[in-house]
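Undergrad: Here it is: the structure, laid out below.
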Amino acid sequence: MQYIDNVLSKIAEQNPNQPEFLQAVTEVYSSLTPIVSENEKVYKEAALLERLAEPDRTVSFRVSWKDDGGNVHVNKGYRVQFNNAIGPYKGGLRFHPSVNLSVLKFLGFEQIFKNSLTTLPMGGAKGGSDFDPKGKTDSEIMSFCQSFMTELYRHIGQFTDVPAGDIGVGGREIGYLFGQYKRICGAYENGVLTGKGLSFGGSLIRPEATGFGSIYFLEEVMASRSDGVKGKTFALSGFGNVAWGAALKIIALGGKVITLSGQDGTLYFKNGLPTEAAEYMPASRTNGVTKEEFAKKFGGEFLAGKKPWGLFGADVCMPCATQNEITAETAGSFSRLGVKYVNEAANMPTTNEALALLKSQGIVVCPAKASNAGGVAVSGLEMSQNSERLCWTKEEVDDKLKNIMKNIYAQINSACERYSLGFDLVAGANIAGFKKVADAMLAQGIY
Ligand code: NDP
């Protein structure tokens, strides 16, 4: 569509050297043709697509910290506050050497639509640093987190912007970040961060939420095709928070997890990952157990330097590590390996070329902004509990999470029907997430 093509060209000109961000915008906007055609005049007059692709603000700052030897290091820190049309900015913090503005802008942009799909009142944001937590001691991590928050605190707040974790930022880091926020502000505002420890306002099920939610979403998709998780084989990437939650739920539902992975290689479990191995994943990371040691301990193999895709037959491929893991080259092998579903638990794990290829092969893609929305959804529930000064039970939170994931599928399904998209869940999710934000932006005037 001409209007969308023109907007995409302009955004590409305005954001040179930001390939991940341009990839995310192209993926979303290219699928909006049906809804944009219906509203072209209004959207054009309000420059809606142009405004939506420019963050409300981007904060960039220096993070200086000392290692255990007393040496001073300097890292880059960022917070991208993308859009708050439907609620306070909300999105995780990523600590990884690959972090730059392009990566954070793609994540913040995706977060707008994901948060909209949850039906909870949350806008989109993302932040982080190029700091590499690998190999750092606990005191170095604390020193870094305290320095990071010493600048970030002035930009966030329970009604302004509520960060959470992401790659390299788990419960420990959120604890140090919250401690520093509290120290600076002198008030117990625990709604300012989510993913907190249980003893200071965290929610039950938050650590498991992204992985659990992703499987609940997949169950909805499979059920619509008279299919289910039981007896299916799953190839997962990642060995972190999301892979752990997903593995636990797959095994509990009678599925078999045959792979996991780290940056250094792939773990292969021919007979499926045992329950006790899945349960041990977080402790193995904190205890410094290598992937190879872990694989051996639980009857698996470690394939150094290998990625998990294209090696083994599986019913479901589930990227749970990072962006652009599945390229056209790897996706090309999926049909031959019997893959029927790609369940995107990581953010933007599939390149746009691979998405087109999977679609042409009839492989169902469960898009990240729907499938991994359970994490931010339970973060939203954590905010509700903090506001109420109450703590809900595990069952209450899990039930709410299930309902949210069902509801996300229902919204996508209805967008697919309304716009005759067939079973294109990627387009359905983009349109359903976009509509609510677009309506709110139009109602709130030009700014
Ligand atoms: P973690 O830091 O807990 O784990 C990340 C895992 O991915 C690790 O096993 C890590 O390997 C691997 N990994 C990281 N970078 C790369 C890379 N460049 N190449 C290959 N493997 C890599 O992160 P999460 O589990 O929290 O996040 C995983 C994905 O899920 C991300 O895309 C994140 O944005 C997304 N997500 C996370 C949510 C959450 O609630 N945590 C919510 C929604 C989405 P190694 O073990 O070697 O370090």
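Naming works like this for the structure tokens: A, B, ... for the chains as they're shown, residue 1 at the start of each chain, ligands 1 onward in shown order.
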With only C-alpha atoms as the counted atoms, please give the residues lying no more than 10 Å from Glu329 of chain A, apart from itself and same-chain residues fewer than 3 positions off, as a list in words.

TA: Trp309, Gly310, Ile326, Gly332, Ser333, Phe334, Glu353, Ala354 and Leu357 of chain A

Undergrad: Could you list, as a PDB file with C-alpha atoms, in the first residue's frame, all protein and nucleic acid residues with an atom at most 6 Å from ligand 1, counting only C-alpha atoms and all ligand atoms?

TA:
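Written out: pocket.pdb:
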```pdb
ATOM      1  CA  GLY A 165      13.880  -7.743  33.655  1.00  0.00           C
ATOM      2  CA  ASP A 166      14.973  -9.158  30.299  1.00  0.00           C
ATOM      3  CA  ILE A 167      18.182 -10.825  29.082  1.00  0.00           C
ATOM      4  CA  GLY A 168      20.828 -10.515  31.815  1.00  0.00           C
ATOM      5  CA  THR A 210       6.690 -15.767  30.118  1.00  0.00           C
ATOM      6  CA  GLY A 238      18.011 -20.593  25.346  1.00  0.00           C
ATOM      7  CA  PHE A 239      18.744 -21.710  28.861  1.00  0.00           C
ATOM      8  CA  GLY A 240      17.426 -18.673  30.720  1.00  0.00           C
ATOM      9  CA  ASN A 241      14.271 -17.578  32.433  1.00  0.00           C
ATOM     10  CA  VAL A 242      11.968 -18.052  29.459  1.00  0.00           C
ATOM     11  CA  ALA A 243      13.329 -21.443  28.347  1.00  0.00           C
ATOM     12  CA  GLY A 262      23.397 -21.203  25.318  1.00  0.00           C
ATOM     13  CA  GLN A 263      25.663 -18.786  23.492  1.00  0.00           C
ATOM     14  CA  ASP A 264      28.294 -21.544  23.498  1.00  0.00           C
ATOM     15  CA  CYS A 320      13.658 -18.632  23.758  1.00  0.00           C
ATOM     16  CA  ALA A 321      17.023 -16.828  23.463  1.00  0.00           C
ATOM     17  CA  THR A 322      17.396 -13.723  21.288  1.00  0.00           C
ATOM     18  CA  GLN A 323      16.462 -11.849  18.089  1.00  0.00           C
ATOM     19  CA  ALA A 345       8.969 -16.951  23.013  1.00  0.00           C
ATOM     20  CA  ALA A 346      11.993 -14.687  22.410  1.00  0.00           C
ATOM     21  CA  ASN A 347      11.449 -11.227  20.922  1.00  0.00           C
ATOM     22  CA  ASN A 372       5.572 -14.043  25.156  1.00  0.00           C
ATOM     23  CA  GLY A 375       5.633 -12.043  31.267  1.00  0.00           C
TER      24      GLY A 375
END
```

Undergrad: Give me, as a VMD selection string, all polymer residues having an atom no more than 12 Å from Phe269 of chain A, counting only C-alpha atoms and skipping those fewer than 4 positions away in the same chain.

TA: chain A and resid 233 to 236 256 to 261 273 to 274 277 to 278 294 to 303 308 312

Undergrad: Pull C-alpha atoms from the residues just selected and write them as a PDB file, in the first residue's frame.

TA:
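The resulting file, out-v3.pdb, is shown below:
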```
ATOM      1  CA  THR A 233       8.501 -32.905  20.679  1.00  0.00           C
ATOM      2  CA  PHE A 234       9.828 -29.401  21.276  1.00  0.00           C
ATOM      3  CA  ALA A 235      13.182 -27.966  20.161  1.00  0.00           C
ATOM      4  CA  LEU A 236      13.939 -24.983  22.412  1.00  0.00           C
ATOM      5  CA  LYS A 256       9.066 -33.676  25.320  1.00  0.00           C
ATOM      6  CA  VAL A 257      11.844 -31.029  25.314  1.00  0.00           C
ATOM      7  CA  ILE A 258      14.723 -32.280  23.163  1.00  0.00           C
ATOM      8  CA  THR A 259      16.986 -29.214  22.992  1.00  0.00           C
ATOM      9  CA  LEU A 260      18.090 -26.162  24.959  1.00  0.00           C
ATOM     10  CA  SER A 261      20.978 -23.843  24.106  1.00  0.00           C
ATOM     11  CA  LEU A 273      14.666 -33.296  29.299  1.00  0.00           C
ATOM     12  CA  PRO A 274      13.784 -34.864  32.685  1.00  0.00           C
ATOM     13  CA  ALA A 277      16.697 -31.218  35.062  1.00  0.00           C
ATOM     14  CA  ALA A 278      14.202 -28.487  34.094  1.00  0.00           C
ATOM     15  CA  PHE A 294      24.470 -29.973  32.925  1.00  0.00           C
ATOM     16  CA  ALA A 295      23.874 -32.049  29.783  1.00  0.00           C
ATOM     17  CA  LYS A 296      26.050 -34.906  31.083  1.00  0.00           C
ATOM     18  CA  LYS A 297      24.428 -34.869  34.526  1.00  0.00           C
ATOM     19  CA  PHE A 298      20.984 -35.435  33.000  1.00  0.00           C
ATOM     20  CA  GLY A 299      21.812 -37.922  30.231  1.00  0.00           C
ATOM     21  CA  GLY A 300      22.113 -35.425  27.369  1.00  0.00           C
ATOM     22  CA  GLU A 301      24.819 -34.360  24.937  1.00  0.00           C
ATOM     23  CA  PHE A 302      26.469 -30.969  24.490  1.00  0.00           C
ATOM     24  CA  LEU A 303      27.163 -29.846  20.930  1.00  0.00           C
ATOM     25  CA  PRO A 308      19.602 -25.918  17.929  1.00  0.00           C
ATOM     26  CA  PHE A 312      16.688 -32.549  14.898  1.00  0.00           C
TER      27      PHE A 312
END
```

Undergrad: Between A:Thr330, A:Ser371, A:Ser147, A:Thr160, which is the closest to Thr351 of chain A once you count only C-alpha atoms?

TA: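 The closest residue to Thr351 of chain A is A:Thr330.
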
Undergrad: Report as a tab-separated table the residues of segment 63-143 of chain A within 12 Å of segment 180-194 of chain A, each with its shortest atom pair and distance in Å (one decimal), using only C-alpha atoms, ordered by chain and increasing residue number.

TA:
```
residue	atom	partner	partner_atom	distance
A:Pro88	CA	A:Val192	CA	10.6
A:Tyr89	CA	A:Val192	CA	10.8
A:Lys90	CA	A:Leu193	CA	9.3
A:Gly91	CA	A:Thr194	CA	9.5
A:Gly92	CA	A:Thr194	CA	8.9
A:Leu93	CA	A:Leu193	CA	10.4
A:Met142	CA	A:Gln180	CA	9.6
A:Ser143	CA	A:Gln180	CA	10.2
```

Undergrad: Put those residues in a file: C-alpha atoms, as a compact mmCIF listing (two decimals), in the first residue's frame.

TA:
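Result file follows (out17.txt):
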```txt
# COMPACT_ATOMS: atom_id res chain seq x y z
CA PRO A 88 2.50 4.20 31.87
CA TYR A 89 5.60 3.11 29.94
CA LYS A 90 6.36 -0.54 30.67
CA GLY A 91 9.08 -2.86 29.42
CA GLY A 92 12.20 -4.68 30.53
CA LEU A 93 15.86 -3.83 30.97
CA MET A 142 25.53 -4.76 42.58
CA SER A 143 27.93 -1.90 41.87
```

Undergrad: Could you tell me which of A:Ser379, A:Ser116, A:Asn15, A:Ser420 comes closest to Ala85 of chain A if we count only C-alpha atoms?

TA: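 Closest to Ala85 of chain A of all the choices is A:Ser116.
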
Undergrad: For Ile11 of chain A, find every residue with an atom within 9 Å (counting only C-alpha atoms), except residues of its own chain fewer than 4 positions away, and show them as a PyMOL selection string.

TA: chain A and resi 6-7+15-16+22+25+50+53-54

Undergrad: Using backbone DSSP assignments, extract all helix (DSSP H, G or I) residues from segment 86-136 of chain A; output them as a PyMOL selection string.

TA: chain A and resi 101-117
